[in-house]
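For reference, the structure is listed below as structure tokens.
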Amino acid sequence: MKIFIDTANLNEIRAAKQLGLVDGVTTNPTLIAKEGEPMEVLIRKISEEVEGPVNVEVTRSKSEEIIEESRVFSSWGNDIVIKIPITEEGLKAVKILSTEGIKTNVTLVFSSAQAILAAKAGATYVCPFLGRLDDISFNGIELIRQIKGIYQNYDDIKTKIIVASVRHPIHVIEAASIGAEIVTIPPTILKQMVKHPLTERGIAQFLEDAKGIK
Ligand code: E4P
């Protein structure tokens, strides 16, 4: 399973990298805005830091504008993936960008119907939002399972699923249990995944007992 880091914060990316946990990065306009740095400067810095794909979301809505923005964004690093929300205009743009060899990630996906269309348009990745579905009492992991099953039915679908909107370690475990290829995880959740109270208690006891070693 590949782990992408769901942040635009360079320090968080560097910290996760030291743990060997950065196969890629996902950002969105909310995460970029939080950093208070010009978007191009920030994305270029992230791209230099990370070996894998860096996902950057478009900020325009019409297909021509999305295409124009995507061409610019994709020049900001060696492995930029353009995140495009699922709309008719977005799909038109994905279709054209995929013929130009620009990698795309169809995002804000909340149904298998949307995921089918993303794959048909030639998206490199599709981003179903697990947490936001759970928030409104829909079973997010069931959606991921269904999309995975549909994609597996067709040899010509090459679109990969990035499990997004991860809110807690159980989401990661559930995604891994159904064989998700990529999960994008916020740094705080990575930290939670490391911890266990019994580990902490065990370490404290062993350190105490170590004082008695002759
Ligand atoms: C990542 O690509 C998504 O934009 C992100 O996971 C959304 O997470 P949120 O639902 O916690 O905002």
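In the structure tokens, the first chain shown is A, the next is B, and so on; residue numbers restart at 1 for each chain, and ligands run from 1 in the order shown.
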
Using DSSP on the backbone coordinates, identify the residues of chain A assigned to helix (DSSP H, G or I); present them as a VMD selection string. chain A and resid 10 to 18 29 to 35 39 to 49 63 to 76 88 to 99 112 to 121 130 to 135 140 to 152 169 to 177 187 to 194 197 to 210

Using only C-alpha atoms and all ligand atoms, which residues have at least one atom no more than 7 Å from ligand 1? Output them as a list of chain:residue names.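 What falls inside 7 Å of ligand 1 is A:Asp6, A:Thr26, A:Thr27, A:Asn28, A:Cys127, A:Phe129, A:Gly131, A:Arg132, A:Ala164, A:Ser165, A:Val166, A:Arg167, A:Thr184.
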
Run DSSP on the backbone and give me the residues of range 17-201 of chain A it puts in strand (DSSP E), as number ranges by chain. A: 24-26, 54-57, 80-85, 104-109, 125-128, 160-163, 182-185

Writing out the chosen residues with C-alpha atoms as an mmCIF file, in the first residue's frame:
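Written output follows (again.cif):
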data_model
loop_
_atom_site.group_PDB
_atom_site.id
_atom_site.type_symbol
_atom_site.label_atom_id
_atom_site.label_comp_id
_atom_site.auth_asym_id
_atom_site.auth_seq_id
_atom_site.Cartn_x
_atom_site.Cartn_y
_atom_site.Cartn_z
ATOM 1 C CA GLY A 24 3.401 11.081 -2.631
ATOM 2 C CA VAL A 25 1.570 14.200 -1.470
ATOM 3 C CA THR A 26 -1.997 15.415 -1.862
ATOM 4 C CA VAL A 54 2.444 15.825 -5.901
ATOM 5 C CA ASN A 55 -1.296 16.414 -6.324
ATOM 6 C CA VAL A 56 -2.324 20.012 -6.997
ATOM 7 C CA GLU A 57 -5.957 21.049 -7.354
ATOM 8 C CA ILE A 80 2.661 16.908 -10.691
ATOM 9 C CA VAL A 81 -0.816 15.374 -10.740
ATOM 10 C CA ILE A 82 -3.691 17.739 -11.442
ATOM 11 C CA LYS A 83 -6.695 17.332 -9.154
ATOM 12 C CA ILE A 84 -9.917 18.144 -10.944
ATOM 13 C CA PRO A 85 -13.343 18.027 -9.266
ATOM 14 C CA THR A 104 -5.012 13.797 -13.465
ATOM 15 C CA ASN A 105 -6.796 12.985 -10.241
ATOM 16 C CA VAL A 106 -10.576 13.251 -10.363
ATOM 17 C CA THR A 107 -11.489 14.462 -6.919
ATOM 18 C CA LEU A 108 -14.525 15.068 -4.700
ATOM 19 C CA VAL A 109 -15.859 11.669 -5.743
ATOM 20 C CA TYR A 125 -6.293 8.615 -10.181
ATOM 21 C CA VAL A 126 -9.709 8.896 -8.610
ATOM 22 C CA CYS A 127 -10.174 10.329 -5.137
ATOM 23 C CA PRO A 128 -13.208 9.076 -3.171
ATOM 24 C CA LYS A 160 -5.901 4.066 -9.466
ATOM 25 C CA ILE A 161 -7.918 4.814 -6.348
ATOM 26 C CA ILE A 162 -6.548 7.230 -3.757
ATOM 27 C CA VAL A 163 -8.540 6.847 -0.543
ATOM 28 C CA ILE A 182 -3.077 4.312 -2.097
ATOM 29 C CA VAL A 183 -4.303 6.061 1.045
ATOM 30 C CA THR A 184 -3.626 9.737 1.614
ATOM 31 C CA ILE A 185 -3.191 10.380 5.312
#

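One distance worth recording is that between CA of Ala33 in chain A and CA of Thr159 in chain A, which is 28.3 Å.
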
Which of these, A:Leu198, A:Leu133, A:Ile43, A:Ile13, has the shortest distance to Ser75 in chain A once you count only C-alpha atoms? A:Ile43

Would you compute the distance between CA of Glu68 in chain A and CA of Leu117 in chain A? Give it in Å to one decimal. 21.8 Å

Which residue out of A:Arg44, A:Leu97, A:Glu35, A:Phe73 has the minimum interatomic distance to Glu12 in chain A when only C-alpha atoms are used? A:Glu35

In terms of only C-alpha atoms, the residue from A:Glu142, A:Asp79, A:Asp23, A:Glu37 at minimal distance from Ile178 in chain A is A:Glu142

Taking into account only C-alpha atoms, which residue in the set A:Ala8, A:Val50, A:Ala175, A:Val58 is nearest to Gly20 in chain A?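 Distance minimum relative to Gly20 in chain A lands on A:Val50.
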
Let me make sure I understand: among A:Glu100, A:Ala119, A:His171, A:Tyr151, which one has the smallest atom-to-atom distance to Ile86 in chain A if we use only C-alpha atoms? A:Ala119

Selected residue, from A:Gln205, A:Thr99, A:Ser177, A:Ser74, that lies nearest to Glu40 in chain A when counting only C-alpha atoms: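 Of the candidates, the smallest distance to Glu40 in chain A is held by A:Ser74.
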
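The two atoms in question, CA of His168 in chain A and CA of Ala180 in chain A, are spaced 15.8 Å apart.
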
Contact residues around Lys95 in chain A with only C-alpha atoms at 7 Å, ignoring same-chain residues under 4 positions, as a list in words: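 Here the answer would be Leu91, Thr99, Ala121 and Gly122 of chain A.
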
Excluding Arg60 in chain A and residues on its chain fewer than 3 positions from it, collect all residues at most 8 Å away from it, counting only C-alpha atoms, and give them as a PyMOL selection string. chain A and resi 65-66+69

Would you save the residues from that selection as a short mmCIF file (atom, residue, chain, number, x, y, z; two decimals), in the first residue's frame, using N, CA and C atoms?
data_model
loop_
_atom_site.label_atom_id
_atom_site.label_comp_id
_atom_site.auth_asym_id
_atom_site.auth_seq_id
_atom_site.Cartn_x
_atom_site.Cartn_y
_atom_site.Cartn_z
N GLU A 65 -10.47 26.77 -18.89
CA GLU A 65 -9.68 27.37 -17.80
C GLU A 65 -8.94 26.28 -17.02
N ILE A 66 -9.62 25.16 -16.80
CA ILE A 66 -8.99 24.04 -16.08
C ILE A 66 -7.77 23.55 -16.86
N GLU A 69 -4.91 26.11 -16.64
CA GLU A 69 -4.30 26.08 -15.31
C GLU A 69 -3.48 24.80 -15.13
#
